[in-house]
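A.B. asks: Supplied structure: work-v9.tsv, TSV, C-alpha atoms.
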```tsv
chain	number	residue	atom	x	y	z
U	1	MET	CA	-16.66	-2.88	-16.79
U	2	PHE	CA	-13.72	-2.24	-19.11
U	3	GLU	CA	-15.65	0.45	-20.99
U	4	THR	CA	-16.32	2.32	-17.74
U	5	ILE	CA	-12.68	2.07	-16.66
U	6	TRP	CA	-11.41	3.15	-20.07
U	7	HIS	CA	-13.69	6.18	-20.31
U	8	SER	CA	-12.89	7.24	-16.74
U	9	ILE	CA	-9.22	7.39	-17.77
U	10	ARG	CA	-9.55	8.80	-21.27
U	11	LYS	CA	-12.29	11.38	-20.90
U	12	PRO	CA	-13.09	13.06	-17.55
U	13	SER	CA	-15.35	15.40	-19.50
U	14	GLY	CA	-17.60	12.36	-20.00
U	15	TYR	CA	-18.11	11.62	-16.29
U	16	LYS	CA	-21.64	13.00	-16.51
U	17	GLN	CA	-22.53	10.32	-19.05
U	18	LEU	CA	-20.85	7.58	-16.99
U	19	ALA	CA	-22.74	8.66	-13.87
U	20	GLN	CA	-26.06	8.05	-15.63
U	21	LYS	CA	-25.50	4.28	-15.62
U	22	LYS	CA	-27.20	2.15	-12.99
U	23	PHE	CA	-25.49	2.72	-9.67
U	24	TRP	CA	-25.27	-0.97	-8.71
U	25	ARG	CA	-23.44	-1.75	-11.96
U	26	LEU	CA	-20.99	1.06	-11.34
U	27	LEU	CA	-20.48	-0.16	-7.78
U	28	LEU	CA	-19.71	-3.70	-8.98
U	29	THR	CA	-17.25	-2.28	-11.51
U	30	LEU	CA	-15.51	-0.27	-8.80
U	31	LEU	CA	-15.38	-3.28	-6.48
U	32	ALA	CA	-13.84	-5.40	-9.23
U	33	PHE	CA	-11.33	-2.70	-10.22
U	34	PHE	CA	-10.12	-1.89	-6.71
U	35	GLY	CA	-10.06	-5.60	-5.93
U	36	ILE	CA	-7.69	-6.13	-8.87
U	37	VAL	CA	-5.54	-3.15	-7.83
U	38	THR	CA	-5.31	-4.55	-4.30
U	39	ALA	CA	-4.40	-7.98	-5.68
U	40	VAL	CA	-1.49	-6.44	-7.62
U	41	HIS	CA	-0.27	-4.64	-4.49
U	42	GLY	CA	-0.63	-7.89	-2.54
U	43	TYR	CA	1.36	-9.82	-5.15
U	44	VAL	CA	4.21	-7.31	-4.98
U	45	LEU	CA	4.19	-7.43	-1.18
U	46	ALA	CA	4.15	-11.23	-1.14
U	47	SER	CA	7.00	-11.35	-3.66
U	48	ALA	CA	9.05	-8.98	-1.50
U	49	MET	CA	8.39	-11.03	1.65
U	50	ASN	CA	8.92	-14.48	0.11
U	51	PRO	CA	12.76	-14.47	0.36
U	52	PHE	CA	12.51	-13.42	4.01
U	53	LEU	CA	9.98	-16.16	4.77
U	54	THR	CA	12.26	-18.66	3.03
U	55	PHE	CA	15.16	-17.46	5.17
U	56	MET	CA	13.07	-17.88	8.31
U	57	GLU	CA	12.14	-21.43	7.32
U	58	GLN	CA	15.58	-22.59	6.18
U	59	GLU	CA	18.31	-20.52	7.86
U	60	PHE	CA	16.94	-18.68	10.89
U	61	ARG	CA	17.52	-21.52	13.38
U	62	GLN	CA	21.21	-21.90	12.46
U	63	LYS	CA	22.24	-18.31	11.71
U	64	MET	CA	20.25	-16.08	14.06
U	65	PRO	CA	22.13	-15.50	17.35
U	66	PRO	CA	20.19	-15.78	20.63
U	67	PHE	CA	18.02	-12.76	21.35
U	68	THR	CA	15.28	-11.48	23.62
U	69	TYR	CA	12.49	-9.02	22.91
U	70	ASP	CA	10.99	-7.44	26.02
U	71	GLY	CA	8.00	-5.87	24.31
U	72	THR	CA	9.90	-2.65	23.59
U	73	GLN	CA	13.40	-3.38	22.29
U	74	LEU	CA	15.28	-6.26	20.71
U	75	GLN	CA	18.51	-7.35	22.41
U	76	VAL	CA	20.89	-9.66	20.54
U	77	ASN	CA	23.69	-11.68	22.16
U	78	ALA	CA	26.17	-10.90	19.38
U	79	ALA	CA	27.97	-7.96	17.82
U	80	THR	CA	25.89	-6.18	15.19
U	81	PRO	CA	25.46	-5.30	12.36
U	82	LEU	CA	25.50	-8.96	11.43
U	83	THR	CA	24.65	-10.28	7.96
U	84	LEU	CA	22.66	-13.50	8.31
U	85	SER	CA	21.96	-14.22	4.65
U	86	GLN	CA	22.98	-12.88	1.26
U	87	GLN	CA	21.50	-14.66	-1.76
U	88	ASN	CA	20.83	-13.24	-5.22
U	89	GLY	CA	21.28	-9.68	-3.97
U	90	TYR	CA	18.80	-10.18	-1.11
U	91	GLN	CA	20.26	-9.62	2.35
U	92	VAL	CA	19.01	-10.21	5.87
U	93	VAL	CA	20.90	-8.11	8.43
U	94	VAL	CA	20.54	-7.66	12.18
U	95	ASP	CA	21.54	-4.23	13.52
U	96	VAL	CA	20.56	-3.17	17.03
U	97	THR	CA	23.32	-0.60	17.48
U	98	SER	CA	20.78	2.25	17.36
U	99	PRO	CA	16.99	2.74	17.15
U	100	PHE	CA	17.41	3.70	13.48
U	101	PRO	CA	20.32	1.86	11.76
U	102	LYS	CA	20.61	4.36	8.92
U	103	ASP	CA	24.00	3.24	7.58
U	104	THR	CA	22.96	-0.40	7.34
U	105	ILE	CA	19.66	0.46	5.65
U	106	ASN	CA	21.41	2.68	3.09
U	107	LYS	CA	23.76	-0.14	2.09
U	108	LEU	CA	20.96	-2.51	1.11
U	109	ASN	CA	19.17	-2.47	-2.21
U	110	SER	CA	16.90	-5.41	-1.43
U	111	GLY	CA	16.41	-7.24	1.84
U	112	VAL	CA	15.44	-6.96	5.49
U	113	VAL	CA	17.06	-5.19	8.42
U	114	VAL	CA	16.05	-6.45	11.86
U	115	GLY	CA	16.47	-3.39	14.07
U	116	LYS	CA	16.21	-2.61	17.76
U	117	THR	CA	12.60	-1.40	17.62
U	118	ASP	CA	11.58	-1.83	13.96
U	119	LEU	CA	11.67	-4.26	11.07
U	120	TYR	CA	12.79	-2.63	7.81
U	121	ILE	CA	11.83	-4.13	4.45
U	122	ILE	CA	13.91	-2.68	1.62
U	123	ASP	CA	12.86	-2.96	-2.01
U	124	ARG	CA	14.96	-1.28	-4.73
U	125	GLY	CA	16.65	0.87	-2.14
U	126	VAL	CA	13.38	2.16	-0.66
U	127	PRO	CA	12.81	1.13	2.99
U	128	GLN	CA	9.48	0.54	4.70
U	129	SER	CA	9.50	0.30	8.48
U	130	PHE	CA	7.18	-1.68	10.73
U	131	SER	CA	7.59	-1.23	14.47
U	132	TYR	CA	7.40	-4.34	16.61
U	133	ARG	CA	4.62	-2.69	18.57
U	134	GLN	CA	2.75	-2.07	15.31
U	135	LEU	CA	3.18	-5.76	14.51
U	136	MET	CA	1.82	-6.48	18.02
U	137	LEU	CA	4.71	-8.75	18.94
U	138	PRO	CA	4.60	-10.07	22.51
U	139	PRO	CA	7.80	-10.50	24.56
U	140	LEU	CA	9.67	-13.46	23.07
U	141	THR	CA	13.00	-15.19	22.56
U	142	LYS	CA	14.67	-17.00	19.70
U	143	ASP	CA	13.26	-20.33	20.92
U	144	ASP	CA	9.74	-18.89	20.78
U	145	VAL	CA	10.26	-17.81	17.17
U	146	VAL	CA	11.75	-21.18	16.19
U	147	THR	CA	8.68	-22.91	17.62
U	148	GLY	CA	6.36	-20.67	15.58
U	149	ILE	CA	8.23	-20.84	12.25
U	150	PRO	CA	5.94	-23.54	10.73
U	151	LEU	CA	3.01	-21.17	11.24
U	152	LEU	CA	4.78	-18.09	9.91
U	153	ARG	CA	3.91	-18.44	6.23
U	154	PRO	CA	0.23	-19.40	6.80
U	155	LEU	CA	-0.17	-16.51	9.23
U	156	PHE	CA	1.40	-14.15	6.69
U	157	TYR	CA	-1.10	-15.15	4.01
U	158	VAL	CA	-4.02	-14.89	6.42
U	159	GLY	CA	-2.80	-11.41	7.34
U	160	LEU	CA	-2.45	-10.59	3.64
U	161	VAL	CA	-6.09	-11.50	3.00
U	162	ILE	CA	-7.22	-9.35	5.95
U	163	TRP	CA	-5.02	-6.53	4.66
U	164	ALA	CA	-6.59	-6.87	1.18
U	165	PHE	CA	-10.12	-6.44	2.55
U	166	PHE	CA	-8.95	-3.43	4.53
U	167	MET	CA	-7.32	-1.86	1.45
U	168	VAL	CA	-10.52	-2.20	-0.61
U	169	PHE	CA	-12.44	-0.65	2.29
U	170	TRP	CA	-9.82	2.13	2.47
U	171	SER	CA	-10.24	2.85	-1.25
U	172	PHE	CA	-13.98	3.38	-0.80
U	173	LEU	CA	-13.39	5.47	2.32
U	174	GLN	CA	-11.03	7.71	0.33
U	175	ILE	CA	-13.65	8.04	-2.39
U	176	THR	CA	-16.25	9.04	0.20
U	177	LEU	CA	-13.93	11.67	1.66
U	178	PHE	CA	-12.97	13.03	-1.74
U	179	SER	CA	-16.62	13.26	-2.79
U	180	PHE	CA	-16.64	16.48	-0.74
U	181	VAL	CA	-13.63	17.66	-2.74
U	182	ALA	CA	-15.67	16.91	-5.87
U	183	MET	CA	-18.51	19.06	-4.54
U	184	LEU	CA	-16.03	21.86	-3.89
U	185	ALA	CA	-14.63	21.45	-7.40
U	186	GLY	CA	-18.18	21.63	-8.72
U	187	SER	CA	-18.72	24.96	-6.98
U	188	LEU	CA	-15.51	26.26	-8.54
U	189	ARG	CA	-16.85	25.19	-11.94
U	190	ARG	CA	-20.23	26.81	-11.08
U	191	VAL	CA	-21.93	23.42	-10.85
U	192	ARG	CA	-24.04	22.18	-7.96
U	193	LEU	CA	-23.47	18.43	-7.75
U	194	HIS	CA	-25.82	16.00	-6.07
U	195	TYR	CA	-23.95	13.82	-3.58
U	196	ARG	CA	-24.37	10.69	-5.73
U	197	ASP	CA	-22.74	12.44	-8.68
U	198	ALA	CA	-19.96	13.87	-6.50
U	199	TRP	CA	-19.22	10.41	-5.10
U	200	LEU	CA	-19.03	8.91	-8.59
U	201	VAL	CA	-16.78	11.71	-9.83
U	202	ALA	CA	-14.36	10.96	-6.99
U	203	ALA	CA	-14.60	7.22	-7.70
U	204	PHE	CA	-13.88	7.68	-11.41
U	205	ALA	CA	-10.93	9.97	-10.58
U	206	PHE	CA	-9.33	7.32	-8.39
U	207	ILE	CA	-9.26	4.83	-11.27
U	208	PRO	CA	-6.46	6.49	-13.30
U	209	ALA	CA	-4.73	7.55	-10.07
U	210	SER	CA	-4.69	3.93	-8.87
U	211	LEU	CA	-2.96	2.86	-12.08
U	212	ILE	CA	-0.28	5.45	-11.35
U	213	GLY	CA	-0.02	3.94	-7.86
U	214	ILE	CA	0.64	0.52	-9.41
U	215	LEU	CA	3.35	2.05	-11.60
U	216	ASN	CA	5.00	3.49	-8.51
U	217	LEU	CA	5.25	0.00	-7.00
U	218	TYR	CA	7.99	-0.64	-9.55
U	219	LEU	CA	9.48	2.86	-9.94
U	220	GLN	CA	9.46	3.78	-6.21
U	221	SER	CA	9.70	7.48	-7.08
U	222	PRO	CA	8.36	10.32	-4.90
U	223	TYR	CA	7.57	12.19	-8.13
U	224	VAL	CA	5.27	9.40	-9.30
U	225	GLY	CA	3.69	9.41	-5.84
U	226	LEU	CA	3.04	13.12	-6.30
U	227	ALA	CA	1.58	12.40	-9.74
U	228	PHE	CA	-1.01	10.15	-8.03
U	229	TRP	CA	-2.50	13.10	-6.14
U	230	ILE	CA	-2.18	15.47	-9.08
U	231	ALA	CA	-4.22	12.97	-11.12
U	232	VAL	CA	-6.88	12.71	-8.40
U	233	PHE	CA	-7.43	16.47	-8.17
U	234	THR	CA	-7.15	17.05	-11.94
U	235	TYR	CA	-9.68	14.36	-12.84
U	236	ILE	CA	-12.04	15.50	-10.08
U	237	TYR	CA	-11.88	19.10	-11.29
U	238	HIS	CA	-12.56	18.27	-14.94
U	239	GLY	CA	-15.05	15.52	-14.05
U	240	ALA	CA	-17.12	17.91	-11.93
U	241	GLY	CA	-17.12	20.36	-14.82
U	242	SER	CA	-18.74	17.78	-17.09
U	243	PHE	CA	-22.05	18.35	-15.23
U	244	ARG	CA	-22.17	22.05	-16.08
U	245	GLU	CA	-24.66	21.72	-18.93
U	246	ARG	CA	-27.21	20.05	-16.69
U	247	ILE	CA	-27.23	22.19	-13.54
U	248	ASP	CA	-25.59	25.56	-13.90
U	249	VAL	CA	-25.79	27.83	-10.88
U	250	GLU	CA	-27.88	30.86	-11.63
```
Turn the structure described in the file into structure tokens.
C.D. replies:
Amino acid sequence: MFETIWHSIRKPSGYKQLAQKKFWRLLLTLLAFFGIVTAVHGYVLASAMNPFLTFMEQEFRQKMPPFTYDGTQLQVNAATPLTLSQQNGYQVVVDVTSPFPKDTINKLNSGVVVGKTDLYIIDRGVPQSFSYRQLMLPPLTKDDVVTGIPLLRPLFYVGLVIWAFFMVFWSFLQITLFSFVAMLAGSLRRVRLHYRDAWLVAAFAFIPASLIGILNLYLQSPYVGLAFWIAVFTYIYHGAGSFRERIDVE
């Protein structure tokens, strides 16, 4: 496993040799690798959500003003923006003054903003938004949420497991889509790739790119995000070229 991962990173010109291994062994290696990558992403997500879940369990009942959610917008019976919690640099703020509370979001480095139509999770100054419709929230009130708080953390972890399976599936779907990019890269390198080889080239290329994706979890830089895709296309291009000696186009 580790040999395959290492060579896919170090030497794209050796993808031809890697592709000659038994397919089921390569598939198990890819499953293990992308499972580990997903676990790292899940750990970071769980770490980011843990302070918010703790707030919900310990402070929500006392500090959150009465509110109603009608299935579209959140209405709060208090003036906002309102800071509900501020511990160790992590803040929980309610702001329903506008659909997109830009000023409040920009002030936070780490925390959560409960908006009119979206929930914003901010990590190192970078916000991620989740609409209430996307979260499939039904119409509810504060009392409804208070009743469901004991189930909140278990439901989050169940959702995290479901998300993890989806992310592994998404990784393999991306590989399948980019196998056609590998075939195109092969034609540019005057190589006609069989589909199995093209699929493996794409799979190997996503290994180093995924490590860049993990790095970006901590750097949160658009430039590192761009480097992810540059790595995918670069490794695919050079990996496809490694098959030239075997099947050159006449």
A.B. asks: Write out as a tab-separated table (two decimals) with C-alpha atoms, in the frame of the given file each polymer residue whose atoms come within 12 Å of Phe172 (chain U), counting all atoms listed in the file; drop sequence neighbours fewer than 4 positions from it.
C.D. replies:
```tsv
chain	number	residue	atom	x	y	z
U	27	LEU	CA	-20.48	-0.16	-7.78
U	30	LEU	CA	-15.51	-0.27	-8.80
U	31	LEU	CA	-15.38	-3.28	-6.48
U	33	PHE	CA	-11.33	-2.70	-10.22
U	34	PHE	CA	-10.12	-1.89	-6.71
U	35	GLY	CA	-10.06	-5.60	-5.93
U	165	PHE	CA	-10.12	-6.44	2.55
U	166	PHE	CA	-8.95	-3.43	4.53
U	167	MET	CA	-7.32	-1.86	1.45
U	168	VAL	CA	-10.52	-2.20	-0.61
U	176	THR	CA	-16.25	9.04	0.20
U	177	LEU	CA	-13.93	11.67	1.66
U	178	PHE	CA	-12.97	13.03	-1.74
U	179	SER	CA	-16.62	13.26	-2.79
U	199	TRP	CA	-19.22	10.41	-5.10
U	200	LEU	CA	-19.03	8.91	-8.59
U	202	ALA	CA	-14.36	10.96	-6.99
U	203	ALA	CA	-14.60	7.22	-7.70
U	204	PHE	CA	-13.88	7.68	-11.41
U	206	PHE	CA	-9.33	7.32	-8.39
U	207	ILE	CA	-9.26	4.83	-11.27
```
A.B. asks: In Å, how far is it from CA of Arg196 (chain U) to CA of Trp24 (chain U)?
C.D. replies: 12.1 Å
A.B. asks: Hey, which of U:Tyr218, U:Trp6, U:Tyr90, U:Tyr223 ends up closest to Phe55 (chain U)? Count only C-alpha atoms.
C.D. replies: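 Answer, going by the shortest atom-to-atom distance: U:Tyr90.
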A.B. asks: Excluding region 191-193 of chain U and residues on its chain fewer than 4 positions from it, collect all residues at most 12 Å away from it, counting all atoms listed in the file, and give them as a PyMOL selection string.
C.D. replies: chain U and resi 16+19+179-187+197-202+237-250
A.B. asks: For a quick check of understanding, using only C-alpha atoms, which of U:Pro66, U:Tyr235, U:Ser8, U:Ala78 has the smallest distance to Thr29 (chain U)?
C.D. replies: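 Looking only at the distances to Thr29 (chain U), the closest residue turns out to be U:Ser8.
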A.B. asks: Leaving out region 81-87 of chain U and any residue of its chain fewer than 6 positions from it, which residues lie within 12 Å of it when counting all atoms listed in the file, given as JSON, numbers by chain?
C.D. replies: {"U": [51, 52, 54, 55, 56, 58, 59, 60, 61, 62, 63, 64, 65, 93, 94, 95, 96, 97, 98, 101, 102, 103, 104, 105, 107, 108, 109, 110, 111, 112, 113, 114, 115, 116]}
A.B. asks: Work out how far CA of Gly225 (chain U) is from CA of Ala205 (chain U), in Å to one decimal.
C.D. replies: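 Result for CA of Ala205 (chain U) versus CA of Gly225 (chain U): 15.4 Å, one decimal.
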A.B. asks: Would you mind reading off the distance between CA of Val40 (chain U) and CA of Ser13 (chain U), one decimal, in Å?
C.D. replies: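 Taking CA of Val40 (chain U) as the start and CA of Ser13 (chain U) as the end point, the length is 28.5 Å.
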A.B. asks: Using only C-alpha atoms, which of the listed residues (U:Thr38, U:Gln17, U:Ser131, U:Thr4) sits closest to Leu211 (chain U)?
C.D. replies: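 The answer is U:Thr38, which sits nearest to Leu211 (chain U).
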A.B. asks: Please determine the residues with any atom at most 10 Å from (7.5, -12.4, 18.1) (coordinates as given in the file, with only C-alpha atoms counting) and report them as a list in words.
C.D. replies: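 Returned residue set, sorted by chain then number, is Thr68, Tyr69, Asp70, Gly71, Tyr132, Leu135, Met136, Leu137, Pro138, Pro139, Leu140, Thr141, Lys142, Asp144, Val145, Val146 and Gly148 of chain U.
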A.B. asks: Rank nothing, just name the residue among U:Leu155, U:Ile236, U:Val126, U:Ile121 nearest to Ile175 (chain U), using all atoms listed in the file.
C.D. replies: U:Ile236
